[in-house]
file model.txt (compact mmCIF, C-alpha atoms)
# COMPACT_ATOMS: atom_id res chain seq x y z
CA MET A 1 93.58 83.42 65.73
CA SER A 2 93.72 84.88 69.22
CA THR A 3 92.44 83.21 72.32
CA GLU A 4 90.37 85.45 74.53
CA THR A 5 91.00 85.29 78.23
CA LYS A 6 89.25 86.84 81.14
CA LYS A 7 90.56 87.57 84.60
CA ARG A 8 88.84 86.62 87.76
CA THR A 9 89.72 86.76 91.43
CA VAL A 10 90.23 83.43 93.12
CA LYS A 11 90.08 83.10 96.90
CA THR A 12 92.05 80.34 98.57
CA ILE A 13 91.88 79.17 102.16
CA ASN A 14 95.36 78.72 103.58
CA ILE A 15 95.93 76.26 106.39
CA ASP A 16 98.60 76.60 109.08
CA ALA A 17 98.38 73.19 110.75
CA ASP A 18 100.88 74.24 113.44
CA LYS A 19 98.32 76.74 114.79
CA CYS A 20 95.23 74.46 114.76
CA ASN A 21 94.21 73.32 118.25
CA GLY A 22 91.39 71.00 117.09
CA CYS A 23 88.51 73.05 118.53
CA ARG A 24 86.42 72.33 115.40
CA ALA A 25 84.72 75.75 115.47
CA CYS A 26 85.27 75.80 111.70
CA GLU A 27 83.17 72.63 111.31
CA VAL A 28 80.40 73.96 113.54
CA ILE A 29 80.00 77.32 111.78
CA CYS A 30 80.26 75.74 108.31
CA SER A 31 77.56 73.18 109.02
CA SER A 32 75.33 75.88 110.55
CA PHE A 33 75.83 78.20 107.57
CA HIS A 34 74.89 75.41 105.14
CA ALA A 35 71.86 74.18 107.13
CA ALA A 36 68.42 74.68 105.62
CA PRO A 37 67.21 77.15 106.74
CA ARG A 38 70.55 78.84 107.38
CA TYR A 39 71.84 78.58 110.99
CA SER A 40 68.89 76.39 112.01
CA SER A 41 70.98 73.36 112.96
CA ASN A 42 74.49 72.07 113.45
CA ASN A 43 75.68 68.77 111.97
CA PRO A 44 79.44 68.59 111.36
CA ALA A 45 78.82 65.76 108.85
CA ARG A 46 77.44 68.48 106.54
CA SER A 47 80.47 70.72 107.00
CA ARG A 48 82.66 71.57 104.03
CA VAL A 49 85.67 71.68 106.35
CA ARG A 50 86.89 68.80 108.52
CA VAL A 51 89.63 68.54 111.08
CA VAL A 52 91.78 65.41 110.83
CA ARG A 53 92.46 64.72 114.49
CA ASP A 54 94.93 62.78 116.56
CA PRO A 55 94.43 64.38 119.99
CA LEU A 56 96.82 62.07 121.85
CA ARG A 57 99.65 63.38 119.70
CA ASP A 58 98.27 66.93 119.51
CA ILE A 59 97.89 66.77 115.71
CA TYR A 60 95.03 68.66 114.08
CA ILE A 61 94.86 69.38 110.36
CA PRO A 62 91.88 71.24 108.86
CA LEU A 63 90.87 70.22 105.33
CA TYR A 64 88.21 71.88 103.20
CA ALA A 65 86.20 70.09 100.53
CA GLY A 66 87.50 70.27 96.99
CA ASP A 67 86.10 69.11 93.68
CA TYR A 68 84.29 65.83 93.09
CA THR A 69 86.12 63.19 91.09
CA GLU A 70 84.44 60.28 89.39
CA SER A 71 87.17 57.76 90.18
CA GLU A 72 89.44 56.77 93.01
CA CYS A 73 92.93 58.12 92.86
CA MET A 74 95.85 55.77 92.71
CA GLY A 75 97.86 57.66 95.32
CA ARG A 76 98.43 55.54 98.35
CA ASP A 77 101.47 57.26 99.79
CA LYS A 78 102.03 57.18 103.54
CA PHE A 79 103.03 60.13 105.69
CA ILE A 80 104.68 59.84 109.08
CA ILE A 81 103.99 62.70 111.48
CA ASP A 82 105.50 62.46 114.94
CA GLY A 83 105.95 58.72 114.50
CA LYS A 84 102.35 58.00 113.47
CA GLU A 85 101.57 56.80 109.96
CA TYR A 86 98.77 58.42 107.93
CA ASP A 87 97.69 57.45 104.44
CA GLU A 88 97.43 60.03 101.69
CA CYS A 89 93.66 59.63 101.51
CA GLY A 90 93.35 61.10 105.01
CA PHE A 91 94.65 64.47 103.80
CA CYS A 92 92.83 64.59 100.46
CA ARG A 93 90.27 67.36 99.84
CA THR A 94 88.49 65.53 97.02
CA SER A 95 85.07 63.94 97.30
CA CYS A 96 85.41 60.56 95.59
CA PRO A 97 83.64 57.19 95.37
CA SER A 98 86.05 55.45 97.77
CA ARG A 99 85.06 57.32 100.94
CA ASP A 100 82.22 59.21 102.61
CA LEU A 101 84.22 62.28 103.64
CA PHE A 102 82.73 65.44 102.13
CA ARG A 103 79.41 63.85 101.19
CA GLU A 104 75.97 65.08 102.22
CA PRO A 105 74.94 62.50 104.85
CA ASP A 106 71.30 62.15 103.72
CA SER A 107 71.64 62.17 99.93
CA GLY A 108 75.25 61.10 99.42
CA LEU A 109 75.82 64.08 97.12
CA PRO A 110 79.37 65.41 97.08
CA LEU A 111 80.06 68.57 99.07
CA LYS A 112 82.41 71.32 97.93
CA CYS A 113 83.58 74.38 99.80
CA ASP A 114 81.88 77.46 98.34
CA LEU A 115 83.85 79.87 100.55
CA CYS A 116 80.51 80.80 102.20
CA ASP A 117 79.21 82.34 99.01
CA GLY A 118 77.69 85.75 99.70
CA GLU A 119 79.74 86.40 102.84
CA PRO A 120 82.68 88.84 102.82
CA GLU A 121 85.02 86.05 103.97
CA PRO A 122 84.61 82.33 104.67
CA LEU A 123 83.11 81.86 108.11
CA CYS A 124 85.58 79.12 109.03
CA VAL A 125 88.34 81.71 108.66
CA LYS A 126 86.40 84.34 110.61
CA TRP A 127 85.64 81.92 113.46
CA CYS A 128 89.16 80.44 113.70
CA LEU A 129 90.37 82.14 116.86
CA VAL A 130 93.93 80.80 116.61
CA GLY A 131 94.56 81.93 113.02
CA ALA A 132 95.06 78.45 111.57
CA LEU A 133 92.87 79.43 108.60
CA SER A 134 93.37 82.51 106.43
CA VAL A 135 92.33 83.67 102.97
CA THR A 136 94.40 84.94 100.07
CA GLU A 137 93.13 86.36 96.81
CA ARG A 138 94.84 86.25 93.42
CA GLU A 139 93.99 87.13 89.85
CA VAL A 140 93.95 84.27 87.33
CA GLU A 141 93.38 84.22 83.61
CA GLU A 142 91.12 81.61 82.13
CA PRO A 143 89.85 80.94 78.63
CA ALA A 144 86.56 82.76 78.03
CA GLU A 145 84.93 79.81 76.25
CA GLU A 146 85.56 77.20 78.93
CA THR A 147 82.34 75.64 80.15
CA LYS A 148 82.28 73.92 83.51
CA ARG A 149 79.74 71.41 84.72
CA GLY A 150 77.40 72.88 87.26
CA GLU A 151 76.52 71.52 90.69
CA LEU A 152 73.18 70.24 89.40
CA GLU A 153 74.81 68.14 86.66
CA ILE A 154 77.41 66.75 89.05
CA GLY A 155 74.77 65.99 91.69
CA LEU A 156 72.38 64.29 89.28
CA GLU A 157 75.18 62.22 87.78
CA SER A 158 76.27 61.14 91.26
CA LEU A 159 72.70 60.14 92.19
CA ALA A 160 72.23 58.28 88.90
CA ARG A 161 75.44 56.36 89.49
CA ARG A 162 74.44 55.52 93.06
CA PHE A 163 70.77 54.60 92.55
CA GLY A 164 70.50 54.04 88.79
CA ALA A 165 69.01 56.32 86.14
CA ASP A 166 65.61 54.60 86.17
CA LYS A 167 65.19 55.02 89.94
CA LEU A 168 66.29 58.66 89.69
CA LEU A 169 63.85 59.40 86.86
CA ASP A 170 61.00 57.64 88.68
CA THR A 171 61.69 59.65 91.84
CA VAL A 172 61.81 62.95 89.93
CA ALA A 173 58.55 62.05 88.18
CA GLN A 174 56.93 61.24 91.54
CA ILE A 175 58.10 64.52 93.08
CA THR A 176 56.95 66.67 90.17
CA LYS A 177 53.64 64.85 89.73
CA GLY A 178 52.01 66.74 92.59
CA ARG A 179 53.07 70.17 91.30

call {"tool": "encode", "arguments": {"input": "model.txt", "output": "structure tokens"}}
result
Amino acid sequence: MSTETKKRTVKTINIDADKCNGCRACEVICSSFHAAPRYSSNNPARSRVRVVRDPLRDIYIPLYAGDYTESECMGRDKFIIDGKEYDECGFCRTSCPSRDLFREPDSGLPLKCDLCDGEPEPLCVKWCLVGALSVTEREVEEPAEETKRGELEIGLESLARRFGADKLLDTVAQITKGR
């Protein structure tokens, strides 16, 4: 029995923290790109990239939103950078139940970087004037039969967990009643 695989190109945003000057242009363009309608507003809380900042020590580290996880991690390591202590959670890309980073501010739904789907390159990379962000592409093989949960399933599950299934179903019924 042979396992079929298919190849796909994966883009990855690379971060050179030594180059980041904390201007947050990446946050601004990301939040504008993901506004509805596109480019109609700017709210960095909706950005899929955030800059961890310590301006007094000239430390700026861009992070982009990763996958949602249903549980808190157990990692509580500490990092010391230029004499200041940071906890591991501060550098994590995951949207999780223990913090509000990378969550849609109005709905609480988890955010994930989509690499500005439809654009030739992520806009945070394009707008980073100091070159702290760059993109690499690589080919990966993955099993052909693997099924991943979609954004809708993840979002609905998150809302059901936050507000309860009954409240979610009642709200959906109310919304669709007028259609």

call {"tool": "residues_around", "arguments": {"input": "model.txt", "residues": "Ala17 of chain A", "least_positions_apart": "6", "cutoff": "10 Å", "atoms": "only C-alpha atoms", "output": "VMD selection string"}}
result
chain A and resid 51 59 to 63 131 to 133

call {"tool": "axis_aligned_box", "arguments": {"input": "model.txt", "around": "segment 44-59 of chain A", "padding_each_side": "8 Å", "output": "JSON"}}
result
{"center_x": 88.5, "center_y": 66.9, "center_z": 112.9, "size_x": 38.2, "size_y": 25.6, "size_z": 33.8}

call {"tool": "residues_around", "arguments": {"input": "model.txt", "residues": "segment 110-124 of chain A", "least_positions_apart": "3", "cutoff": "8 Å", "atoms": "only C-alpha atoms", "output": "NGL selection string"}}
result
:A and (11 or 25-27 or 29-30 or 33 or 46 or 48-49 or 64-68 or 95-96 or 102-104 or 127-128 or 133 or 135 or 155 or 158)

call {"tool": "atom_distance", "arguments": {"input": "model.txt", "atom1": "atom CA of Thr69 of chain A", "atom2": "atom CA of Glu153 of chain A"}}
result
13.1 Å

call {"tool": "closest_residue", "arguments": {"input": "model.txt", "among": "A:Leu152, A:Val10, A:Leu56, A:Leu159", "to": "Ser107 of chain A", "atoms": "all atoms listed in the file"}}
result
A:Leu159

call {"tool": "atom_distance", "arguments": {"input": "model.txt", "atom1": "atom CA of Ser41 of chain A", "atom2": "atom CA of Thr12 of chain A"}}
result
26.5 Å

call {"tool": "residues_around", "arguments": {"input": "model.txt", "residues": "Thr171 of chain A", "least_positions_apart": "6", "cutoff": "12 Å", "atoms": "only C-alpha atoms", "output": "list in words"}}
result
Leu156, Leu159, Ala160, Phe163, Gly164, Ala165 and Lys177 of chain A

call {"tool": "atom_distance", "arguments": {"input": "model.txt", "atom1": "atom CA of Arg8 of chain A", "atom2": "atom CA of Ala35 of chain A"}}
result
28.6 Å
